[in-house]
>>> print(open('coords.pdb').read())   # PDB, N, CA and C atoms, pLDDT in the B column
ATOM      1  N   MET H   1      -7.888  52.045 -50.525  1.00 61.00           N
ATOM      2  CA  MET H   1      -8.686  51.144 -51.326  1.00 61.00           C
ATOM      3  C   MET H   1     -10.150  51.304 -50.920  1.00 61.00           C
ATOM      4  N   SER H   2     -11.004  51.463 -51.917  1.00 70.00           N
ATOM      5  CA  SER H   2     -12.423  51.621 -51.631  1.00 70.00           C
ATOM      6  C   SER H   2     -13.049  50.261 -51.345  1.00 70.00           C
ATOM      7  N   ILE H   3     -14.231  50.287 -50.773  1.00 71.00           N
ATOM      8  CA  ILE H   3     -14.943  49.047 -50.475  1.00 71.00           C
ATOM      9  C   ILE H   3     -15.283  48.305 -51.769  1.00 71.00           C
ATOM     10  N   ASP H   4     -15.574  49.072 -52.845  1.00 73.00           N
ATOM     11  CA  ASP H   4     -15.869  48.441 -54.136  1.00 73.00           C
ATOM     12  C   ASP H   4     -14.642  47.704 -54.671  1.00 73.00           C
ATOM     13  N   GLN H   5     -13.467  48.320 -54.543  1.00 69.00           N
ATOM     14  CA  GLN H   5     -12.244  47.671 -55.011  1.00 69.00           C
ATOM     15  C   GLN H   5     -11.922  46.450 -54.160  1.00 69.00           C
ATOM     16  N   PHE H   6     -12.128  46.569 -52.852  1.00 71.00           N
ATOM     17  CA  PHE H   6     -11.838  45.445 -51.960  1.00 71.00           C
ATOM     18  C   PHE H   6     -12.638  44.212 -52.356  1.00 71.00           C
ATOM     19  N   PHE H   7     -13.959  44.394 -52.521  1.00 73.00           N
ATOM     20  CA  PHE H   7     -14.798  43.246 -52.844  1.00 73.00           C
ATOM     21  C   PHE H   7     -14.689  42.843 -54.311  1.00 73.00           C
ATOM     22  N   GLY H   8     -14.280  43.774 -55.171  1.00 74.00           N
ATOM     23  CA  GLY H   8     -14.137  43.444 -56.578  1.00 74.00           C
ATOM     24  C   GLY H   8     -12.840  42.732 -56.892  1.00 74.00           C
ATOM     25  N   PHE H   9     -11.754  43.109 -56.200  1.00 74.00           N
ATOM     26  CA  PHE H   9     -10.437  42.574 -56.533  1.00 74.00           C
ATOM     27  C   PHE H   9      -9.741  41.890 -55.368  1.00 74.00           C
ATOM     28  N   GLY H  10     -10.198  42.100 -54.151  1.00 71.00           N
ATOM     29  CA  GLY H  10      -9.588  41.484 -52.977  1.00 71.00           C
ATOM     30  C   GLY H  10      -8.540  42.378 -52.344  1.00 71.00           C
ATOM     31  N   PRO H  11      -8.149  42.060 -51.111  1.00 70.00           N
ATOM     32  CA  PRO H  11      -7.221  42.918 -50.367  1.00 70.00           C
ATOM     33  C   PRO H  11      -5.788  42.875 -50.892  1.00 70.00           C
ATOM     34  N   GLU H  12      -5.447  41.874 -51.695  1.00 75.00           N
ATOM     35  CA  GLU H  12      -4.074  41.728 -52.178  1.00 75.00           C
ATOM     36  C   GLU H  12      -3.876  42.306 -53.576  1.00 75.00           C
ATOM     37  N   VAL H  13      -4.744  43.202 -53.993  1.00 71.00           N
ATOM     38  CA  VAL H  13      -4.648  43.776 -55.339  1.00 71.00           C
ATOM     39  C   VAL H  13      -3.310  44.508 -55.499  1.00 71.00           C
ATOM     40  N   SER H  14      -2.670  44.332 -56.640  1.00 72.00           N
ATOM     41  CA  SER H  14      -1.329  44.881 -56.839  1.00 72.00           C
ATOM     42  C   SER H  14      -1.324  46.200 -57.592  1.00 72.00           C
ATOM     43  N   PHE H  15      -2.460  46.841 -57.746  1.00 69.00           N
ATOM     44  CA  PHE H  15      -2.503  48.123 -58.448  1.00 69.00           C
ATOM     45  C   PHE H  15      -3.345  49.118 -57.663  1.00 69.00           C
ATOM     46  N   VAL H  16      -3.202  50.378 -58.023  1.00 72.00           N
ATOM     47  CA  VAL H  16      -3.956  51.444 -57.382  1.00 72.00           C
ATOM     48  C   VAL H  16      -4.840  52.085 -58.446  1.00 72.00           C
ATOM     49  N   ALA H  17      -6.102  52.253 -58.152  1.00 69.00           N
ATOM     50  CA  ALA H  17      -7.029  52.893 -59.081  1.00 69.00           C
ATOM     51  C   ALA H  17      -7.335  54.301 -58.580  1.00 69.00           C
ATOM     52  N   HIS H  18      -7.373  55.237 -59.493  1.00 73.00           N
ATOM     53  CA  HIS H  18      -7.728  56.618 -59.172  1.00 73.00           C
ATOM     54  C   HIS H  18      -9.058  56.926 -59.854  1.00 73.00           C
ATOM     55  N   GLU H  19     -10.023  57.315 -59.066  1.00 72.00           N
ATOM     56  CA  GLU H  19     -11.331  57.627 -59.620  1.00 72.00           C
ATOM     57  C   GLU H  19     -11.283  58.995 -60.278  1.00 72.00           C
ATOM     58  N   VAL H  20     -11.755  59.076 -61.501  1.00 73.00           N
ATOM     59  CA  VAL H  20     -11.815  60.336 -62.235  1.00 73.00           C
ATOM     60  C   VAL H  20     -13.285  60.691 -62.379  1.00 73.00           C
ATOM     61  N   PHE H  21     -13.636  61.867 -61.923  1.00 73.00           N
ATOM     62  CA  PHE H  21     -15.032  62.296 -61.952  1.00 73.00           C
ATOM     63  C   PHE H  21     -15.067  63.648 -62.661  1.00 73.00           C
ATOM     64  N   THR H  22     -15.574  63.683 -63.879  1.00 81.00           N
ATOM     65  CA  THR H  22     -15.545  64.913 -64.673  1.00 81.00           C
ATOM     66  C   THR H  22     -16.910  65.234 -65.249  1.00 81.00           C
ATOM     67  N   ASN H  23     -17.031  66.458 -65.744  1.00 86.00           N
ATOM     68  CA  ASN H  23     -18.220  66.931 -66.458  1.00 86.00           C
ATOM     69  C   ASN H  23     -19.488  66.885 -65.619  1.00 86.00           C
ATOM     70  N   ARG H  24     -19.359  67.112 -64.339  1.00 88.00           N
ATOM     71  CA  ARG H  24     -20.530  67.140 -63.466  1.00 88.00           C
ATOM     72  C   ARG H  24     -20.573  68.444 -62.657  1.00 88.00           C
ATOM     73  N   GLU H  25     -19.887  69.463 -63.139  1.00 90.00           N
ATOM     74  CA  GLU H  25     -19.821  70.723 -62.405  1.00 90.00           C
ATOM     75  C   GLU H  25     -21.197  71.344 -62.207  1.00 90.00           C
ATOM     76  N   GLU H  26     -22.054  71.283 -63.242  1.00 92.00           N
ATOM     77  CA  GLU H  26     -23.395  71.868 -63.134  1.00 92.00           C
ATOM     78  C   GLU H  26     -24.210  71.162 -62.052  1.00 92.00           C
ATOM     79  N   GLN H  27     -24.167  69.843 -62.025  1.00 90.00           N
ATOM     80  CA  GLN H  27     -24.927  69.092 -61.030  1.00 90.00           C
ATOM     81  C   GLN H  27     -24.371  69.326 -59.628  1.00 90.00           C
ATOM     82  N   ILE H  28     -23.052  69.405 -59.508  1.00 90.00           N
ATOM     83  CA  ILE H  28     -22.435  69.680 -58.208  1.00 90.00           C
ATOM     84  C   ILE H  28     -22.848  71.063 -57.727  1.00 90.00           C
ATOM     85  N   GLU H  29     -22.854  72.045 -58.623  1.00 92.00           N
ATOM     86  CA  GLU H  29     -23.253  73.407 -58.246  1.00 92.00           C
ATOM     87  C   GLU H  29     -24.720  73.444 -57.818  1.00 92.00           C
ATOM     88  N   ARG H  30     -25.586  72.713 -58.514  1.00 91.00           N
ATOM     89  CA  ARG H  30     -27.005  72.659 -58.112  1.00 91.00           C
ATOM     90  C   ARG H  30     -27.161  72.083 -56.708  1.00 91.00           C
ATOM     91  N   LEU H  31     -26.476  70.975 -56.455  1.00 90.00           N
ATOM     92  CA  LEU H  31     -26.542  70.373 -55.125  1.00 90.00           C
ATOM     93  C   LEU H  31     -25.966  71.311 -54.073  1.00 90.00           C
ATOM     94  N   HIS H  32     -24.901  72.022 -54.411  1.00 90.00           N
ATOM     95  CA  HIS H  32     -24.305  72.977 -53.475  1.00 90.00           C
ATOM     96  C   HIS H  32     -25.298  74.077 -53.123  1.00 90.00           C
ATOM     97  N   ARG H  33     -25.942  74.659 -54.145  1.00 91.00           N
ATOM     98  CA  ARG H  33     -26.937  75.716 -53.877  1.00 91.00           C
ATOM     99  C   ARG H  33     -28.074  75.186 -53.020  1.00 91.00           C
ATOM    100  N   TRP H  34     -28.536  73.976 -53.313  1.00 89.00           N
ATOM    101  CA  TRP H  34     -29.624  73.382 -52.542  1.00 89.00           C
ATOM    102  C   TRP H  34     -29.207  73.186 -51.087  1.00 89.00           C
ATOM    103  N   LEU H  35     -27.997  72.675 -50.876  1.00 87.00           N
ATOM    104  CA  LEU H  35     -27.508  72.463 -49.514  1.00 87.00           C
ATOM    105  C   LEU H  35     -27.363  73.778 -48.761  1.00 87.00           C
ATOM    106  N   VAL H  36     -26.856  74.809 -49.426  1.00 88.00           N
ATOM    107  CA  VAL H  36     -26.708  76.118 -48.783  1.00 88.00           C
ATOM    108  C   VAL H  36     -28.072  76.650 -48.356  1.00 88.00           C
ATOM    109  N   GLN H  37     -29.069  76.546 -49.235  1.00 86.00           N
ATOM    110  CA  GLN H  37     -30.408  77.020 -48.895  1.00 86.00           C
ATOM    111  C   GLN H  37     -30.966  76.277 -47.683  1.00 86.00           C
ATOM    112  N   ARG H  38     -30.733  74.979 -47.607  1.00 82.00           N
ATOM    113  CA  ARG H  38     -31.279  74.185 -46.502  1.00 82.00           C
ATOM    114  C   ARG H  38     -30.537  74.432 -45.197  1.00 82.00           C
ATOM    115  N   THR H  39     -29.265  74.717 -45.249  1.00 83.00           N
ATOM    116  CA  THR H  39     -28.510  74.918 -44.017  1.00 83.00           C
ATOM    117  C   THR H  39     -28.653  76.330 -43.473  1.00 83.00           C
ATOM    118  N   GLU H  40     -29.122  77.262 -44.305  1.00 85.00           N
ATOM    119  CA  GLU H  40     -29.334  78.623 -43.821  1.00 85.00           C
ATOM    120  C   GLU H  40     -30.604  78.732 -42.995  1.00 85.00           C
ATOM    121  N   ARG H  41     -31.510  77.788 -43.165  1.00 80.00           N
ATOM    122  CA  ARG H  41     -32.782  77.825 -42.452  1.00 80.00           C
ATOM    123  C   ARG H  41     -32.661  77.091 -41.127  1.00 80.00           C
ATOM    124  N   ALA H  42     -33.270  77.644 -40.104  1.00 84.00           N
ATOM    125  CA  ALA H  42     -33.353  76.946 -38.819  1.00 84.00           C
ATOM    126  C   ALA H  42     -34.511  75.949 -38.899  1.00 84.00           C
ATOM    127  N   TRP H  43     -34.277  74.757 -38.402  1.00 80.00           N
ATOM    128  CA  TRP H  43     -35.305  73.723 -38.415  1.00 80.00           C
ATOM    129  C   TRP H  43     -35.711  73.411 -36.978  1.00 80.00           C
ATOM    130  N   PRO H  44     -36.728  74.104 -36.457  1.00 87.00           N
ATOM    131  CA  PRO H  44     -37.203  73.799 -35.106  1.00 87.00           C
ATOM    132  C   PRO H  44     -37.701  72.363 -35.023  1.00 87.00           C
ATOM    133  N   ALA H  45     -37.589  71.774 -33.862  1.00 89.00           N
ATOM    134  CA  ALA H  45     -38.000  70.383 -33.663  1.00 89.00           C
ATOM    135  C   ALA H  45     -39.458  70.175 -34.068  1.00 89.00           C
ATOM    136  N   SER H  46     -40.307  71.157 -33.804  1.00 89.00           N
ATOM    137  CA  SER H  46     -41.728  71.001 -34.157  1.00 89.00           C
ATOM    138  C   SER H  46     -41.907  70.864 -35.668  1.00 89.00           C
ATOM    139  N   ASP H  47     -41.090  71.576 -36.465  1.00 83.00           N
ATOM    140  CA  ASP H  47     -41.155  71.430 -37.925  1.00 83.00           C
ATOM    141  C   ASP H  47     -40.700  70.043 -38.355  1.00 83.00           C
ATOM    142  N   LEU H  48     -39.638  69.569 -37.747  1.00 82.00           N
ATOM    143  CA  LEU H  48     -39.109  68.261 -38.118  1.00 82.00           C
ATOM    144  C   LEU H  48     -40.040  67.130 -37.711  1.00 82.00           C
ATOM    145  N   GLN H  49     -40.817  67.335 -36.656  1.00 89.00           N
ATOM    146  CA  GLN H  49     -41.735  66.295 -36.187  1.00 89.00           C
ATOM    147  C   GLN H  49     -43.101  66.372 -36.850  1.00 89.00           C
ATOM    148  N   ASN H  50     -43.326  67.406 -37.650  1.00 89.00           N
ATOM    149  CA  ASN H  50     -44.592  67.535 -38.375  1.00 89.00           C
ATOM    150  C   ASN H  50     -44.503  66.710 -39.656  1.00 89.00           C
ATOM    151  N   PHE H  51     -45.015  65.505 -39.625  1.00 88.00           N
ATOM    152  CA  PHE H  51     -44.890  64.594 -40.751  1.00 88.00           C
ATOM    153  C   PHE H  51     -45.869  64.896 -41.878  1.00 88.00           C
ATOM    154  N   HIS H  52     -46.704  65.926 -41.716  1.00 90.00           N
ATOM    155  CA  HIS H  52     -47.641  66.319 -42.763  1.00 90.00           C
ATOM    156  C   HIS H  52     -47.090  67.465 -43.609  1.00 90.00           C
ATOM    157  N   ARG H  53     -45.949  68.013 -43.221  1.00 85.00           N
ATOM    158  CA  ARG H  53     -45.368  69.119 -43.990  1.00 85.00           C
ATOM    159  C   ARG H  53     -44.681  68.569 -45.234  1.00 85.00           C
ATOM    160  N   ALA H  54     -44.489  69.439 -46.198  1.00 83.00           N
ATOM    161  CA  ALA H  54     -43.761  69.038 -47.409  1.00 83.00           C
ATOM    162  C   ALA H  54     -42.313  68.728 -47.043  1.00 83.00           C
ATOM    163  N   ALA H  55     -41.764  67.704 -47.631  1.00 79.00           N
ATOM    164  CA  ALA H  55     -40.387  67.299 -47.332  1.00 79.00           C
ATOM    165  C   ALA H  55     -39.420  68.176 -48.129  1.00 79.00           C
ATOM    166  N   GLU H  56     -39.007  69.287 -47.540  1.00 76.00           N
ATOM    167  CA  GLU H  56     -38.106  70.230 -48.205  1.00 76.00           C
ATOM    168  C   GLU H  56     -36.645  69.877 -47.989  1.00 76.00           C
ATOM    169  N   ASN H  57     -36.366  68.970 -47.096  1.00 73.00           N
ATOM    170  CA  ASN H  57     -34.979  68.661 -46.756  1.00 73.00           C
ATOM    171  C   ASN H  57     -34.514  67.339 -47.361  1.00 73.00           C
ATOM    172  N   ILE H  58     -35.122  66.953 -48.478  1.00 81.00           N
ATOM    173  CA  ILE H  58     -34.737  65.724 -49.173  1.00 81.00           C
ATOM    174  C   ILE H  58     -34.375  66.087 -50.605  1.00 81.00           C
ATOM    175  N   GLN H  59     -33.255  65.589 -51.075  1.00 86.00           N
ATOM    176  CA  GLN H  59     -32.825  65.806 -52.455  1.00 86.00           C
ATOM    177  C   GLN H  59     -32.842  64.466 -53.174  1.00 86.00           C
ATOM    178  N   VAL H  60     -33.348  64.444 -54.393  1.00 88.00           N
ATOM    179  CA  VAL H  60     -33.434  63.217 -55.170  1.00 88.00           C
ATOM    180  C   VAL H  60     -32.611  63.384 -56.437  1.00 88.00           C
ATOM    181  N   VAL H  61     -31.792  62.388 -56.736  1.00 89.00           N
ATOM    182  CA  VAL H  61     -31.031  62.365 -57.977  1.00 89.00           C
ATOM    183  C   VAL H  61     -31.576  61.207 -58.791  1.00 89.00           C
ATOM    184  N   VAL H  62     -32.091  61.494 -59.982  1.00 91.00           N
ATOM    185  CA  VAL H  62     -32.719  60.456 -60.794  1.00 91.00           C
ATOM    186  C   VAL H  62     -32.040  60.366 -62.154  1.00 91.00           C
ATOM    187  N   GLY H  63     -32.187  59.229 -62.786  1.00 90.00           N
ATOM    188  CA  GLY H  63     -31.652  59.027 -64.128  1.00 90.00           C
ATOM    189  C   GLY H  63     -31.525  57.547 -64.416  1.00 90.00           C
ATOM    190  N   ALA H  64     -31.146  57.264 -65.648  1.00 92.00           N
ATOM    191  CA  ALA H  64     -30.979  55.874 -66.080  1.00 92.00           C
ATOM    192  C   ALA H  64     -29.840  55.224 -65.306  1.00 92.00           C
ATOM    193  N   GLY H  65     -29.880  53.911 -65.234  1.00 89.00           N
ATOM    194  CA  GLY H  65     -28.842  53.175 -64.529  1.00 89.00           C
ATOM    195  C   GLY H  65     -27.484  53.342 -65.193  1.00 89.00           C
ATOM    196  N   GLY H  66     -26.465  53.499 -64.373  1.00 86.00           N
ATOM    197  CA  GLY H  66     -25.100  53.552 -64.880  1.00 86.00           C
ATOM    198  C   GLY H  66     -24.605  54.912 -65.299  1.00 86.00           C
ATOM    199  N   ILE H  67     -25.371  55.989 -65.011  1.00 87.00           N
ATOM    200  CA  ILE H  67     -24.921  57.315 -65.447  1.00 87.00           C
ATOM    201  C   ILE H  67     -24.159  58.072 -64.366  1.00 87.00           C
ATOM    202  N   GLY H  68     -24.043  57.496 -63.172  1.00 87.00           N
ATOM    203  CA  GLY H  68     -23.217  58.105 -62.137  1.00 87.00           C
ATOM    204  C   GLY H  68     -23.959  58.779 -61.000  1.00 87.00           C
ATOM    205  N   LYS H  69     -25.189  58.379 -60.738  1.00 90.00           N
ATOM    206  CA  LYS H  69     -25.942  58.997 -59.645  1.00 90.00           C
ATOM    207  C   LYS H  69     -25.280  58.743 -58.300  1.00 90.00           C
ATOM    208  N   SER H  70     -24.927  57.507 -58.034  1.00 90.00           N
ATOM    209  CA  SER H  70     -24.284  57.163 -56.765  1.00 90.00           C
ATOM    210  C   SER H  70     -22.908  57.793 -56.664  1.00 90.00           C
ATOM    211  N   THR H  71     -22.179  57.811 -57.758  1.00 89.00           N
ATOM    212  CA  THR H  71     -20.853  58.428 -57.765  1.00 89.00           C
ATOM    213  C   THR H  71     -20.966  59.918 -57.498  1.00 89.00           C
ATOM    214  N   LEU H  72     -21.968  60.571 -58.080  1.00 90.00           N
ATOM    215  CA  LEU H  72     -22.197  61.997 -57.833  1.00 90.00           C
ATOM    216  C   LEU H  72     -22.492  62.226 -56.359  1.00 90.00           C
ATOM    217  N   ALA H  73     -23.355  61.420 -55.765  1.00 90.00           N
ATOM    218  CA  ALA H  73     -23.697  61.580 -54.350  1.00 90.00           C
ATOM    219  C   ALA H  73     -22.465  61.379 -53.466  1.00 90.00           C
ATOM    220  N   ARG H  74     -21.660  60.347 -53.754  1.00 89.00           N
ATOM    221  CA  ARG H  74     -20.437  60.120 -52.973  1.00 89.00           C
ATOM    222  C   ARG H  74     -19.439  61.258 -53.155  1.00 89.00           C
ATOM    223  N   HIS H  75     -19.319  61.763 -54.375  1.00 90.00           N
ATOM    224  CA  HIS H  75     -18.378  62.853 -54.657  1.00 90.00           C
ATOM    225  C   HIS H  75     -18.777  64.124 -53.899  1.00 90.00           C
ATOM    226  N   VAL H  76     -20.053  64.467 -53.930  1.00 89.00           N
ATOM    227  CA  VAL H  76     -20.526  65.659 -53.215  1.00 89.00           C
ATOM    228  C   VAL H  76     -20.340  65.477 -51.712  1.00 89.00           C
ATOM    229  N   ALA H  77     -20.607  64.284 -51.197  1.00 89.00           N
ATOM    230  CA  ALA H  77     -20.400  64.017 -49.762  1.00 89.00           C
ATOM    231  C   ALA H  77     -18.914  64.168 -49.403  1.00 89.00           C
ATOM    232  N   ASP H  78     -18.024  63.643 -50.256  1.00 90.00           N
ATOM    233  CA  ASP H  78     -16.593  63.784 -50.006  1.00 90.00           C
ATOM    234  C   ASP H  78     -16.167  65.246 -50.025  1.00 90.00           C
ATOM    235  N   LEU H  79     -16.687  66.021 -50.988  1.00 89.00           N
ATOM    236  CA  LEU H  79     -16.371  67.458 -51.036  1.00 89.00           C
ATOM    237  C   LEU H  79     -16.840  68.170 -49.776  1.00 89.00           C
ATOM    238  N   ALA H  80     -18.044  67.841 -49.339  1.00 87.00           N
ATOM    239  CA  ALA H  80     -18.595  68.485 -48.138  1.00 87.00           C
ATOM    240  C   ALA H  80     -17.764  68.133 -46.907  1.00 87.00           C
ATOM    241  N   LEU H  81     -17.392  66.868 -46.757  1.00 90.00           N
ATOM    242  CA  LEU H  81     -16.615  66.449 -45.593  1.00 90.00           C
ATOM    243  C   LEU H  81     -15.220  67.069 -45.613  1.00 90.00           C
ATOM    244  N   ALA H  82     -14.670  67.290 -46.800  1.00 91.00           N
ATOM    245  CA  ALA H  82     -13.348  67.898 -46.914  1.00 91.00           C
ATOM    246  C   ALA H  82     -13.385  69.421 -46.814  1.00 91.00           C
ATOM    247  N   GLY H  83     -14.609  70.000 -46.737  1.00 88.00           N
ATOM    248  CA  GLY H  83     -14.747  71.453 -46.656  1.00 88.00           C
ATOM    249  C   GLY H  83     -14.494  72.157 -47.965  1.00 88.00           C
ATOM    250  N   ARG H  84     -14.634  71.431 -49.084  1.00 86.00           N
ATOM    251  CA  ARG H  84     -14.383  72.030 -50.396  1.00 86.00           C
ATOM    252  C   ARG H  84     -15.654  72.245 -51.196  1.00 86.00           C
ATOM    253  N   LEU H  85     -16.804  72.070 -50.581  1.00 79.00           N
ATOM    254  CA  LEU H  85     -18.064  72.250 -51.300  1.00 79.00           C
ATOM    255  C   LEU H  85     -18.536  73.670 -51.121  1.00 79.00           C
TER     256      LEU H  85
END
>>> encode(input="coords.pdb", output="structure tokens")
Amino acid sequence: MSIDQFFGFGPEVSFVAHEVFTNREEQIERLHRWLVQRTERAWPASDLQNFHRAAENIQVVVGAGGIGKSTLARHVADLALAGRL
């Protein structure tokens, strides 16, 4: 049970919900390419502590409310943690 289901329906919910996430392959592939590019580079401590450099290690997902930005971020994080990204 997800935290959203817990607070939305309570711990005694009598059903199981399965999240379906479709039609986001292009966005997932873009995030995957971006992550690969960032992980191939070595980040020396001096680069990370230089707060005047361009922030190349930040990804932003933008769009209207309710289109799945947070769901996309959680889905990509789950794929990465499962080793399927």
>>> atom_distance(input="coords.pdb", atom1="CA of Val36 (chain H)", atom2="CA of Ile67 (chain H)")
25.2 Å
>>> atom_distance(input="coords.pdb", atom1="CA of Thr22 (chain H)", atom2="CA of Leu79 (chain H)")
13.9 Å
>>> resolve_selection(input="coords.pdb", expression="the PyMOL selection byres (((chain H and resi 71-76 and name CA) around 9) and name CA)", output="list in words")
Phe21, Arg24, Gln27, Ile28, Leu31, His32, Val61, Ile67, Gly68, Lys69, Ser70, Ala77, Asp78, Leu79, Ala80, Leu81 and Leu85 of chain H
>>> axis_aligned_box(input="coords.pdb", around="region 8-21 of chain H", padding_each_side="8 Å", output="JSON")
{"center_x": -8.2, "center_y": 52.6, "center_z": -56.5, "size_x": 29.7, "size_y": 38.2, "size_z": 28.3}
>>> atom_distance(input="coords.pdb", atom1="atom N of Arg33 (chain H)", atom2="CA of Gln59 (chain H)")
11.3 Å
>>> select_by_dssp(input="coords.pdb", residues="region 12-85 of chain H", states="alpha helix (DSSP H)", output="VMD selection string")
chain H and resid 25 to 40 45 to 49 69 to 81
>>> residues_around(input="coords.pdb", residues="region 50-58 of chain H", least_positions_apart="5", cutoff="8 Å", atoms="all atoms listed in the file", output="PyMOL selection string")
chain H and resi 38+44-45
>>> decode(input="coords.pdb", residues="region 52-70 of chain H", atoms="N, CA and C atoms", output="compact mmCIF listing (two decimals), in the first residue's frame")
# COMPACT_ATOMS: atom_id res chain seq x y z
N HIS H 52 29.15 28.96 -8.25
CA HIS H 52 28.99 29.89 -9.36
C HIS H 52 28.91 29.16 -10.70
N ARG H 53 29.13 27.86 -10.69
CA ARG H 53 29.08 27.10 -11.95
C ARG H 53 27.62 26.86 -12.33
N ALA H 54 27.42 26.57 -13.60
CA ALA H 54 26.07 26.24 -14.06
C ALA H 54 25.63 24.92 -13.43
N ALA H 55 24.39 24.84 -13.04
CA ALA H 55 23.87 23.64 -12.39
C ALA H 55 23.52 22.60 -13.45
N GLU H 56 24.48 21.75 -13.79
CA GLU H 56 24.29 20.73 -14.82
C GLU H 56 23.71 19.45 -14.26
N ASN H 57 23.68 19.32 -12.96
CA ASN H 57 23.24 18.07 -12.35
C ASN H 57 21.83 18.16 -11.77
N ILE H 58 21.02 19.05 -12.33
CA ILE H 58 19.64 19.21 -11.89
C ILE H 58 18.73 19.01 -13.10
N GLN H 59 17.70 18.21 -12.94
CA GLN H 59 16.72 17.98 -14.00
C GLN H 59 15.39 18.56 -13.54
N VAL H 60 14.69 19.25 -14.42
CA VAL H 60 13.42 19.86 -14.09
C VAL H 60 12.35 19.27 -14.99
N VAL H 61 11.23 18.88 -14.39
CA VAL H 61 10.08 18.39 -15.15
C VAL H 61 8.98 19.42 -14.94
N VAL H 62 8.50 20.02 -16.03
CA VAL H 62 7.50 21.08 -15.92
C VAL H 62 6.26 20.71 -16.72
N GLY H 63 5.16 21.33 -16.36
CA GLY H 63 3.91 21.13 -17.08
C GLY H 63 2.74 21.54 -16.20
N ALA H 64 1.57 21.49 -16.81
CA ALA H 64 0.34 21.86 -16.10
C ALA H 64 0.08 20.87 -14.97
N GLY H 65 -0.67 21.31 -13.98
CA GLY H 65 -0.99 20.46 -12.85
C GLY H 65 -1.83 19.26 -13.28
N GLY H 66 -1.51 18.11 -12.71
CA GLY H 66 -2.30 16.92 -12.94
C GLY H 66 -1.92 16.09 -14.15
N ILE H 67 -0.79 16.41 -14.80
CA ILE H 67 -0.42 15.65 -16.00
C ILE H 67 0.54 14.50 -15.71
N GLY H 68 0.98 14.37 -14.46
CA GLY H 68 1.80 13.22 -14.09
C GLY H 68 3.27 13.49 -13.87
N LYS H 69 3.64 14.72 -13.54
CA LYS H 69 5.05 15.03 -13.31
C LYS H 69 5.60 14.26 -12.13
N SER H 70 4.90 14.28 -11.02
CA SER H 70 5.35 13.56 -9.83
C SER H 70 5.34 12.06 -10.05
